[in-house]
>>> print(open('coords.csv').read())   # CSV, C-alpha atoms and all ligand atoms
chain,number,residue,atom,x,y,z
A,1,MET,CA,53.2,63.1,106.3
A,2,LYS,CA,51.7,66.1,104.4
A,3,LYS,CA,52.8,64.9,101.0
A,4,GLU,CA,55.1,62.6,99.2
A,5,ILE,CA,56.9,63.7,96.0
A,6,ILE,CA,58.1,61.0,93.6
A,7,VAL,CA,60.4,62.1,90.7
A,8,LEU,CA,61.6,60.0,87.9
A,9,GLY,CA,62.7,61.0,84.5
A,10,ASP,CA,63.8,60.0,81.0
A,11,ILE,CA,61.4,57.1,80.8
A,12,GLU,CA,61.2,57.5,77.0
A,13,LEU,CA,58.1,55.4,76.2
A,14,GLY,CA,58.1,54.7,72.4
A,15,ALA,CA,55.8,52.7,70.1
A,16,GLY,CA,57.6,49.3,70.6
A,17,THR,CA,59.6,49.8,67.4
A,18,LEU,CA,63.4,49.5,66.9
A,19,THR,CA,63.7,53.1,68.1
A,20,ASP,CA,61.8,52.4,71.4
A,21,ASP,CA,64.2,51.8,74.2
A,22,PHE,CA,61.8,51.4,77.1
A,23,ILE,CA,61.1,47.9,78.3
A,24,SER,CA,60.6,48.2,82.1
A,25,ASP,CA,56.8,48.3,81.9
A,26,GLY,CA,56.5,45.7,84.7
A,27,ALA,CA,58.8,47.5,87.2
A,28,LEU,CA,57.4,51.0,86.4
A,29,SER,CA,53.7,50.0,86.5
A,30,SER,CA,54.0,48.1,89.7
A,31,LEU,CA,55.8,51.1,91.3
A,32,ILE,CA,52.9,53.4,90.2
A,33,VAL,CA,50.2,50.9,91.3
A,34,ASP,CA,52.0,50.7,94.7
A,35,LEU,CA,52.0,54.5,94.9
A,36,SER,CA,48.3,54.7,94.1
A,37,LYS,CA,47.5,52.6,97.2
A,38,ARG,CA,49.0,55.0,99.7
A,39,GLU,CA,46.8,57.1,102.0
A,40,HIS,CA,48.6,60.5,101.8
A,41,PRO,CA,48.7,62.8,98.8
A,42,ILE,CA,51.4,62.1,96.2
A,43,ASP,CA,52.8,64.3,93.4
A,44,LEU,CA,54.2,62.1,90.7
A,45,VAL,CA,56.7,64.1,88.7
A,46,LEU,CA,57.6,62.6,85.4
A,47,ASN,CA,60.7,64.7,84.8
A,48,GLY,CA,60.8,65.1,81.1
A,49,ASP,CA,61.2,62.8,78.1
A,50,THR,CA,58.5,60.6,79.5
A,51,LEU,CA,57.1,59.9,76.1
A,52,ASP,CA,59.7,59.6,73.3
A,53,PHE,CA,57.9,61.4,70.5
A,54,LEU,CA,61.2,62.4,69.0
A,55,LYS,CA,62.3,58.9,68.1
A,56,CYS,CA,58.8,57.5,67.6
A,57,PRO,CA,57.9,56.9,63.9
A,58,TYR,CA,54.6,58.2,62.5
A,59,ILE,CA,52.6,55.7,60.5
A,60,GLU,CA,50.8,57.3,57.5
A,61,ASN,CA,48.8,55.1,55.1
A,62,GLY,CA,50.7,52.1,56.5
A,63,LYS,CA,54.0,53.7,55.8
A,64,LYS,CA,56.5,54.5,58.6
A,65,ASN,CA,58.3,57.8,58.6
A,66,PHE,CA,59.9,60.4,60.8
A,67,PRO,CA,58.5,63.8,59.7
A,68,ARG,CA,60.3,67.0,60.4
A,69,HIS,CA,57.0,68.9,60.2
A,70,ILE,CA,55.3,67.8,63.4
A,71,THR,CA,51.7,68.9,63.4
A,72,GLU,CA,49.2,68.1,66.1
A,73,ASP,CA,47.9,65.1,64.1
A,74,VAL,CA,51.4,63.7,63.8
A,75,SER,CA,51.9,63.9,67.5
A,76,LEU,CA,48.5,62.4,68.2
A,77,GLY,CA,49.3,59.5,65.8
A,78,LYS,CA,52.6,58.9,67.6
A,79,LEU,CA,50.8,59.0,71.0
A,80,ALA,CA,48.4,56.3,69.8
A,81,GLY,CA,51.4,54.0,69.0
A,82,ILE,CA,53.0,54.7,72.3
A,83,TYR,CA,49.8,54.0,74.2
A,84,LYS,CA,49.3,50.7,72.4
A,85,ALA,CA,52.9,49.5,73.2
A,86,HIS,CA,52.9,50.6,76.8
A,87,LYS,CA,49.3,50.3,77.9
A,88,LEU,CA,50.4,48.7,81.2
A,89,VAL,CA,52.1,52.0,82.2
A,90,PHE,CA,49.1,54.1,81.1
A,91,ASP,CA,46.8,51.8,83.1
A,92,ALA,CA,48.9,52.2,86.2
A,93,LEU,CA,48.9,56.0,85.8
A,94,LYS,CA,45.1,55.9,85.3
A,95,GLN,CA,44.7,54.0,88.5
A,96,PHE,CA,47.0,56.5,90.3
A,97,CYS,CA,45.1,59.7,89.2
A,98,GLN,CA,41.7,58.4,90.0
A,99,LYS,CA,42.3,59.6,93.6
A,100,LYS,CA,42.0,63.3,93.5
A,101,LYS,CA,44.6,63.8,96.3
A,102,ASN,CA,47.2,62.6,93.8
A,103,LYS,CA,48.7,64.6,91.0
A,104,ILE,CA,50.7,63.8,87.8
A,105,PHE,CA,53.1,66.3,86.4
A,106,PHE,CA,54.3,65.7,82.9
A,107,ILE,CA,57.4,67.9,82.8
A,108,ILE,CA,58.2,68.7,79.2
A,109,GLY,CA,61.6,67.5,77.9
A,110,ASN,CA,63.3,67.7,74.5
A,111,HIS,CA,61.8,64.3,73.5
A,112,ASP,CA,58.3,65.3,74.3
A,113,HIS,CA,57.8,68.9,73.2
A,114,ASP,CA,54.7,67.5,71.5
A,115,LEU,CA,53.1,67.9,75.0
A,116,PHE,CA,52.8,71.6,74.1
A,117,PHE,CA,49.9,70.7,71.8
A,118,LYS,CA,46.6,71.2,73.6
A,119,LYS,CA,45.0,68.2,71.8
A,120,VAL,CA,47.9,65.9,73.0
A,121,GLN,CA,47.3,67.1,76.5
A,122,THR,CA,43.5,66.5,76.3
A,123,LYS,CA,44.1,63.0,74.7
A,124,ILE,CA,46.4,62.0,77.6
A,125,LYS,CA,43.9,63.2,80.1
A,126,SER,CA,41.2,61.2,78.5
A,127,LEU,CA,43.4,58.1,78.2
A,128,LEU,CA,44.0,58.4,82.0
A,129,LYS,CA,40.3,59.2,82.6
A,130,SER,CA,41.0,62.3,84.7
A,131,HIS,CA,41.0,65.9,83.7
A,132,SER,CA,41.6,67.7,87.0
A,133,ASN,CA,44.9,66.5,88.4
A,134,ILE,CA,47.2,66.1,85.4
A,135,TYR,CA,49.6,69.0,84.5
A,136,PHE,CA,51.9,69.7,81.7
A,137,ARG,CA,54.7,72.2,82.3
A,138,LEU,CA,58.5,72.9,82.0
A,139,GLN,CA,59.1,73.0,85.8
A,140,TYR,CA,57.9,71.6,89.0
A,141,HIS,CA,58.0,73.6,92.2
A,142,TYR,CA,56.6,72.7,95.6
A,143,HIS,CA,58.0,74.5,98.7
A,144,ASN,CA,61.7,74.0,98.4
A,145,VAL,CA,61.6,71.1,96.0
A,146,TYR,CA,62.4,71.9,92.4
A,147,ALA,CA,62.5,69.7,89.3
A,148,GLU,CA,63.0,70.4,85.6
A,149,HIS,CA,64.2,68.2,82.7
A,150,GLY,CA,67.4,70.1,82.1
A,151,HIS,CA,67.4,70.5,78.3
A,152,GLN,CA,66.9,74.2,78.8
A,153,LEU,CA,70.5,74.3,80.3
A,154,ASP,CA,71.8,72.4,77.3
A,155,PHE,CA,73.0,74.6,74.5
A,156,LEU,CA,72.1,72.1,71.7
A,157,ASN,CA,68.7,71.1,73.0
A,158,ARG,CA,67.1,74.2,74.5
A,159,ILE,CA,63.9,75.8,73.1
A,160,ASN,CA,62.2,79.1,73.3
A,161,PRO,CA,59.3,78.4,75.7
A,162,LYS,CA,57.6,81.6,74.4
A,163,ARG,CA,57.5,80.2,70.9
A,164,PRO,CA,56.7,76.5,70.9
A,165,PHE,CA,55.2,76.5,67.4
A,166,LEU,CA,56.0,77.6,63.9
A,167,THR,CA,53.7,78.0,60.9
A,168,TYR,CA,54.4,76.0,57.8
A,169,ARG,CA,52.0,75.9,54.8
A,170,LYS,CA,49.3,77.4,57.1
A,171,GLN,CA,49.8,74.6,59.6
A,172,LYS,CA,51.0,74.8,63.2
A,173,ILE,CA,54.1,72.7,63.6
A,174,LEU,CA,56.4,72.2,66.6
A,175,ASN,CA,59.4,74.5,66.9
A,176,ILE,CA,61.9,71.9,67.9
A,177,PRO,CA,65.7,72.6,68.2
A,178,TRP,CA,68.0,72.2,65.3
A,179,ILE,CA,69.6,69.1,66.8
A,180,SER,CA,66.2,67.4,67.1
A,181,LEU,CA,65.4,68.1,63.5
A,182,SER,CA,68.7,66.5,62.5
A,183,VAL,CA,68.0,63.5,64.6
A,184,VAL,CA,64.6,62.8,63.1
A,185,SER,CA,65.6,63.4,59.5
A,186,LYS,CA,69.1,61.9,59.3
A,187,PHE,CA,69.9,59.6,62.2
A,188,MET,CA,66.8,57.4,62.7
A,189,ASN,CA,67.8,54.9,60.0
A,190,LEU,CA,71.2,54.6,61.7
A,191,LYS,CA,69.4,54.0,65.0
A,192,GLU,CA,67.4,51.3,63.2
A,193,GLU,CA,70.5,49.7,61.8
A,194,HIS,CA,72.1,49.6,65.2
A,195,PRO,CA,69.3,49.7,67.7
A,196,PHE,CA,71.2,48.2,70.6
A,197,LEU,CA,74.4,50.3,70.3
A,198,GLU,CA,72.7,53.5,71.3
A,199,ARG,CA,71.8,51.9,74.6
A,200,ILE,CA,75.5,51.5,75.5
A,201,SER,CA,77.8,53.9,77.3
A,202,PRO,CA,80.3,55.3,77.8
A,203,TYR,CA,80.6,56.4,74.2
A,204,PRO,CA,84.4,56.6,74.0
A,205,VAL,CA,84.6,52.9,75.1
A,206,LEU,CA,81.8,51.9,72.8
A,207,PHE,CA,83.3,53.6,69.8
A,208,SER,CA,86.8,52.3,70.4
A,209,HIS,CA,85.3,48.8,70.0
A,210,HIS,CA,83.0,49.8,67.1
A,211,LYS,CA,84.8,52.0,64.7
A,212,VAL,CA,82.4,51.4,61.8
A,213,VAL,CA,79.5,53.0,63.6
A,214,LEU,CA,81.7,55.9,64.7
A,215,LYS,CA,82.7,56.5,61.1
A,216,LYS,CA,79.1,56.4,59.9
A,217,LEU,CA,78.0,58.8,62.7
A,218,SER,CA,80.8,61.2,62.1
A,219,TRP,CA,80.4,61.3,58.3
A,220,ARG,CA,76.7,61.6,58.5
A,221,SER,CA,76.9,64.4,61.0
A,222,LEU,CA,79.5,66.3,59.0
A,223,ASP,CA,77.5,65.9,55.8
A,224,TYR,CA,74.4,67.1,57.5
A,225,VAL,CA,76.1,70.1,59.1
A,226,ILE,CA,77.6,71.1,55.8
A,227,LYS,CA,74.3,70.8,53.9
A,228,SER,CA,72.5,72.6,56.6
A,229,THR,CA,74.8,75.5,56.1
A,230,LEU,CA,75.4,75.7,52.4
A,231,TYR,CA,72.4,74.0,50.8
A,232,TYR,CA,69.2,73.3,52.8
A,233,PRO,CA,68.4,77.0,53.7
A,234,PHE,CA,68.4,77.8,50.0
A,235,ARG,CA,66.8,74.6,48.7
A,236,TYR,CA,64.0,74.8,51.2
A,237,PHE,CA,63.8,78.6,51.5
A,238,TYR,CA,60.2,78.7,52.6
A,239,ASP,CA,60.5,75.9,55.1
A,240,PRO,CA,61.1,77.3,58.6
A,241,THR,CA,62.6,74.0,59.8
A,242,TYR,CA,65.5,74.5,57.5
A,243,TYR,CA,66.6,77.8,58.9
A,244,MET,CA,70.2,79.0,58.7
A,245,MET,CA,72.3,77.6,61.5
A,246,PRO,CA,73.5,80.2,63.9
A,247,ARG,CA,77.3,80.5,63.8
A,248,GLU,CA,77.9,79.5,67.4
A,249,LEU,CA,75.9,76.3,66.8
A,250,PHE,CA,78.0,75.5,63.7
A,251,ARG,CA,81.2,76.0,65.7
A,252,GLU,CA,79.9,73.9,68.6
A,253,LEU,CA,78.9,71.0,66.3
A,254,TYR,CA,82.1,71.1,64.4
A,255,ARG,CA,84.0,70.9,67.7
A,256,ARG,CA,82.0,68.0,68.9
A,257,ILE,CA,82.2,66.0,65.7
A,258,LYS,CA,86.0,66.6,65.6
A,259,SER,CA,86.5,65.6,69.2
A,260,VAL,CA,84.0,62.7,69.1
A,261,HIS,CA,82.1,64.4,71.9
A,262,TRP,CA,78.6,63.1,71.7
A,263,ASP,CA,77.8,63.3,75.4
A,264,LEU,CA,75.5,66.0,76.6
A,265,ASP,CA,76.7,69.2,78.3
A,266,ASP,CA,77.4,69.1,82.0
A,267,ILE,CA,74.1,70.7,82.9
A,268,VAL,CA,74.7,70.6,86.6
A,269,GLU,CA,77.5,73.2,86.4
A,270,LYS,CA,75.2,75.4,84.3
A,271,PHE,CA,72.3,74.9,86.7
A,272,LYS,CA,74.4,76.0,89.6
A,273,THR,CA,75.8,79.1,88.0
A,274,LYS,CA,72.4,80.1,86.8
A,275,ARG,CA,70.8,79.6,90.1
A,276,LYS,CA,73.6,81.5,91.9
A,277,ARG,CA,73.2,84.4,89.6
A,278,ARG,CA,69.5,84.6,90.5
A,279,LYS,CA,70.3,84.0,94.1
A,280,ARG,CA,67.8,81.3,94.2
A,281,LEU,CA,69.7,78.3,95.5
A,282,GLN,CA,67.5,78.4,98.6
A,283,ASN,CA,65.6,75.5,97.2
A,284,LYS,CA,66.6,72.5,99.1
A,285,VAL,CA,66.1,69.7,96.7
A,286,HIS,CA,66.8,70.1,92.9
A,287,ILE,CA,66.1,67.3,90.6
A,288,LEU,CA,67.3,67.2,87.0
A,289,GLY,CA,67.2,64.7,84.2
A,290,HIS,CA,68.3,64.8,80.5
A,291,ILE,CA,71.7,63.5,81.2
A,292,HIS,CA,71.5,59.7,81.5
A,293,LYS,CA,73.8,59.5,84.5
A,294,LYS,CA,73.5,59.1,88.2
A,295,TYR,CA,74.7,62.1,90.1
A,296,ILE,CA,74.2,63.4,93.6
A,297,GLU,CA,75.8,66.6,95.0
A,298,GLU,CA,75.0,67.7,98.5
A,299,LYS,CA,76.4,70.9,100.0
A,300,ASP,CA,75.4,73.7,102.4
A,301,GLY,CA,71.8,72.5,102.9
A,302,TRP,CA,71.0,71.9,99.2
A,303,VAL,CA,71.3,68.9,96.9
A,304,VAL,CA,71.3,68.4,93.1
A,305,ILE,CA,70.2,64.9,92.0
A,306,HIS,CA,70.2,63.2,88.6
A,307,PRO,CA,68.4,59.9,89.2
A,308,ASP,CA,69.4,58.6,85.8
A,309,THR,CA,67.2,57.2,83.0
A,310,TRP,CA,64.5,54.5,82.9
A,311,ARG,CA,65.4,53.5,79.3
A,312,ASP,CA,67.1,50.2,78.8
A,313,GLU,CA,70.8,51.2,79.0
A,314,TYR,CA,74.1,49.4,79.6
A,315,ILE,CA,77.5,50.1,80.8
A,316,LEU,CA,80.3,48.5,78.7
A,317,ASP,CA,83.3,47.3,80.7
A,318,GLU,CA,86.4,47.8,78.7
A,319,GLU,CA,88.3,44.9,80.2
A,320,THR,CA,85.7,42.2,80.3
A,321,ARG,CA,83.6,43.5,77.3
A,322,LYS,CA,80.5,42.7,79.3
A,323,LEU,CA,77.3,44.8,79.2
A,324,THR,CA,75.8,45.5,82.6
A,325,PRO,CA,72.2,46.8,82.6
A,326,LYS,CA,71.8,50.1,84.4
A,327,LYS,CA,69.8,50.3,87.6
A,328,LYS,CA,66.5,52.2,87.6
A,329,ARG,CA,66.0,54.8,90.3
A,330,TYR,CA,63.6,57.5,91.5
A,331,VAL,CA,63.8,60.3,94.0
A,332,ARG,CA,61.4,60.2,96.9
A,333,VAL,CA,60.8,63.3,98.9
A,334,GLU,CA,58.8,63.4,102.1
A,335,VAL,CA,57.2,66.7,103.1
A,336,SER,CA,56.2,66.7,106.8
A,337,GLU,CA,53.2,68.6,108.3
A,338,ASN,CA,55.5,71.5,109.2
A,339,ASP,CA,57.0,71.5,105.6
A,340,GLU,CA,60.3,69.8,106.6
A,341,VAL,CA,61.8,68.1,103.6
A,342,ASN,CA,63.5,64.7,103.5
A,343,TRP,CA,64.8,63.0,100.4
A,344,GLU,CA,66.2,59.7,99.3
A,345,VAL,CA,67.1,58.0,96.1
A,346,VAL,CA,65.4,54.7,95.8
A,347,GLU,CA,66.8,51.9,93.5
A,348,VAL,CA,64.2,49.5,91.9
A,349,GLN,CA,65.1,45.9,91.9
A,350,ILE,CA,65.0,44.2,88.4
A,351,GLU,CA,66.5,40.8,87.7
A,352,ARG,CA,68.7,41.1,84.6
A,353,SER,CA,71.6,39.2,83.2
A,354,LEU,CA,74.9,40.5,81.7
A,355,PHE,CA,75.3,40.4,78.0
A,356,ASP,CA,78.5,39.9,76.0
A,357,PHE,CA,79.3,42.9,73.9
A,358,ASP,CA,80.9,40.9,71.1
A,359,VAL,CA,77.9,38.6,70.8
A,360,VAL,CA,75.3,41.5,71.0
A,361,ILE,CA,76.8,43.4,68.1
A,362,LYS,CA,76.5,40.3,65.8
A,363,ASP,CA,72.7,40.3,66.2
A,364,GLU,CA,71.4,43.4,67.9
A,365,ARG,CA,67.7,42.7,67.3
A,366,ARG,CA,68.0,39.3,69.0
A,367,TYR,CA,69.4,41.0,72.1
A,368,LEU,CA,66.7,43.7,72.1
A,369,LYS,CA,64.2,40.8,72.3
A,370,LYS,CA,66.1,39.0,74.9
A,371,ALA,CA,66.3,42.1,77.1
A,372,ALA,CA,62.5,42.7,76.6
A,373,ALA,CA,61.8,39.1,77.6
A,374,GLU,CA,63.9,39.4,80.7
A,375,GLU,CA,61.7,42.3,81.8
A,376,GLY,CA,58.4,40.7,80.6
A,377,PHE,CA,57.8,43.4,78.0
A,378,THR,CA,55.6,42.2,75.2
A,379,GLY,CA,54.9,45.4,73.2
A,380,GLN,CA,57.7,45.0,70.6
A,381,VAL,CA,56.6,45.3,67.0
A,382,PHE,CA,59.6,44.3,65.0
B,1,MN,MN,66.3,64.9,77.4
>>> encode(input="coords.csv", output="structure tokens")
Amino acid sequence: MKKEIIVLGDIELGAGTLTDDFISDGALSSLIVDLSKREHPIDLVLNGDTLDFLKCPYIENGKKNFPRHITEDVSLGKLAGIYKAHKLVFDALKQFCQKKKNKIFFIIGNHDHDLFFKKVQTKIKSLLKSHSNIYFRLQYHYHNVYAEHGHQLDFLNRINPKRPFLTYRKQKILNIPWISLSVVSKFMNLKEEHPFLERISPYPVLFSHHKVVLKKLSWRSLDYVIKSTLYYPFRYFYDPTYYMMPRELFRELYRRIKSVHWDLDDIVEKFKTKRKRRKRLQNKVHILGHIHKKYIEEKDGWVVIHPDTWRDEYILDEETRKLTPKKKRYVRVEVSENDEVNWEVVEVQIERSLFDFDVVIKDERRYLKKAAAEEGFTGQVF
């Protein structure tokens, strides 16, 4: 074998707080340690949202907050918290990249735009004790294997890659999408109030059993959309993070709030039409993330794969009202000496029990702890 390519996405490592949904440190680090023992070269592609900077609080003078103005120092502070909570994963990555034949690609997603900051990149390289085989970029491409996070195909979450920063009060800050700004400034306390609920899908089933949260979410969104249109751009005239919302965005948000449509766009369809337009569907294997769903479509010699998230997530069964933990998967691609490509989706075995939805909603924190204990995660700080 010439090379092995391992792709997994939406890991979303946080700082062990109520807004950190990653607990599979044991399973992930043993996978990476196992990879680091192999003889052939390996490209480990972390396909976006690897680090959940977006939902990670920033601690300033002992006070926790979610700043809209994300400077390099804010991102570095968040990174320190993430490292502390998930040191096991960082240690495994460190072991993996000590061999120069191996490479780590941090594909940038909408939760980790902070990776655009040079100092954040340097810090990660020094935490992993390697400076030559760690890469930060929006896409991965090797022969006919292609990976990207997918938020660039999602109308609400896309960014302008040519303009990753803004200037505010003479400081360089991250130019994150409007929806991310609203998440950090309006919805993090709702997430803290209901830290387990956001791990449950499908949303229509969840909301049909939990109308209170739906009401809170809808009102808060509507209130924010209205203020963002009529008030904030004037109140904070000189603040570039409170720009006037483009009319199409307003229309889209209004439509989604009204129809309770909080799922992400179907990016596979967009991906296919975009690719066709550019006549570039000659890549054989395409891997996307962003949407936390398992999806495989194979046709005419090409395949599009969503391996799903590594966050702790559950499927709610409408009949039994049981919560089943989602399986963790990665894509494994073998590139042979004559550049032939073979792929498979590998499921990782983790022993978990089913939870009762009605019991979980009575004490969400308790079940966050129970889930973490089942996976042997000890980094929780609440
Ligand atoms: Mn994403």
>>> residues_near_ligand(input="coords.csv", ligand="ligand MN 1 (chain B)", cutoff="10 Å", atoms="all atoms listed in the file", output="number ranges by chain")
A: 9-12, 47-50, 52, 108-112, 149-152, 154, 157-158, 264, 288-292, 309
>>> write_last_selection(input="coords.csv", atoms="C-alpha atoms", output="mmCIF file, in the frame of the given file")
data_model
loop_
_atom_site.group_PDB
_atom_site.id
_atom_site.type_symbol
_atom_site.label_atom_id
_atom_site.label_comp_id
_atom_site.auth_asym_id
_atom_site.auth_seq_id
_atom_site.Cartn_x
_atom_site.Cartn_y
_atom_site.Cartn_z
ATOM 1 C CA GLY A 9 62.700 61.000 84.500
ATOM 2 C CA ASP A 10 63.800 60.000 81.000
ATOM 3 C CA ILE A 11 61.400 57.100 80.800
ATOM 4 C CA GLU A 12 61.200 57.500 77.000
ATOM 5 C CA ASN A 47 60.700 64.700 84.800
ATOM 6 C CA GLY A 48 60.800 65.100 81.100
ATOM 7 C CA ASP A 49 61.200 62.800 78.100
ATOM 8 C CA THR A 50 58.500 60.600 79.500
ATOM 9 C CA ASP A 52 59.700 59.600 73.300
ATOM 10 C CA ILE A 108 58.200 68.700 79.200
ATOM 11 C CA GLY A 109 61.600 67.500 77.900
ATOM 12 C CA ASN A 110 63.300 67.700 74.500
ATOM 13 C CA HIS A 111 61.800 64.300 73.500
ATOM 14 C CA ASP A 112 58.300 65.300 74.300
ATOM 15 C CA HIS A 149 64.200 68.200 82.700
ATOM 16 C CA GLY A 150 67.400 70.100 82.100
ATOM 17 C CA HIS A 151 67.400 70.500 78.300
ATOM 18 C CA GLN A 152 66.900 74.200 78.800
ATOM 19 C CA ASP A 154 71.800 72.400 77.300
ATOM 20 C CA ASN A 157 68.700 71.100 73.000
ATOM 21 C CA ARG A 158 67.100 74.200 74.500
ATOM 22 C CA LEU A 264 75.500 66.000 76.600
ATOM 23 C CA LEU A 288 67.300 67.200 87.000
ATOM 24 C CA GLY A 289 67.200 64.700 84.200
ATOM 25 C CA HIS A 290 68.300 64.800 80.500
ATOM 26 C CA ILE A 291 71.700 63.500 81.200
ATOM 27 C CA HIS A 292 71.500 59.700 81.500
ATOM 28 C CA THR A 309 67.200 57.200 83.000
#
>>> closest_residue(input="coords.csv", among="A:Thr324, A:Gln95, A:Ser221, A:Gln139", to="Ser201 of chain A", atoms="only C-alpha atoms")
A:Thr324
>>> atom_distance(input="coords.csv", atom1="atom CA of Phe105 of chain A", atom2="atom CA of Leu46 of chain A")
5.9 Å
>>> residues_around(input="coords.csv", residues="His194 of chain A", least_positions_apart="4", cutoff="9 Å", atoms="all atoms listed in the file", output="MDAnalysis selection string")
chainID A and resid 18 189:190 198 213 361 364:365
>>> residues_around(input="coords.csv", residues="Phe207 of chain A", least_positions_apart="6", cutoff="12 Å", atoms="all atoms listed in the file", output="list of chain:residue names")
A:Leu197, A:Glu198, A:Ile200, A:Ser201, A:Val213, A:Leu214, A:Lys215, A:Lys216, A:Leu217, A:Ser218, A:Val260, A:His261, A:Trp262, A:Leu316, A:Glu318
>>> closest_residue(input="coords.csv", among="A:Ser336, A:Gln349, A:Thr122, A:Gln98", to="Val33 of chain A", atoms="all atoms listed in the file")
A:Gln98
>>> residues_around(input="coords.csv", residues="Phe117 of chain A", least_positions_apart="2", cutoff="12 Å", atoms="only C-alpha atoms", output="list in words")
Ile70, Thr71, Glu72, Asp73, Val74, Ser75, Leu76, Leu79, Ile108, Asp112, His113, Asp114, Leu115, Lys119, Val120, Gln121, Thr122, Lys123, Ile124, Phe136, Arg137, Pro164, Phe165, Lys172, Ile173, Leu174 and Asn175 of chain A
>>> closest_residue(input="coords.csv", among="A:His131, A:Lys64, A:Arg163, A:His143", to="Lys94 of chain A", atoms="only C-alpha atoms")
A:His131
>>> residues_around(input="coords.csv", residues="Glu375 of chain A", least_positions_apart="4", cutoff="7 Å", atoms="only C-alpha atoms", output="ChimeraX atom specification")
/A:23-24,26,371
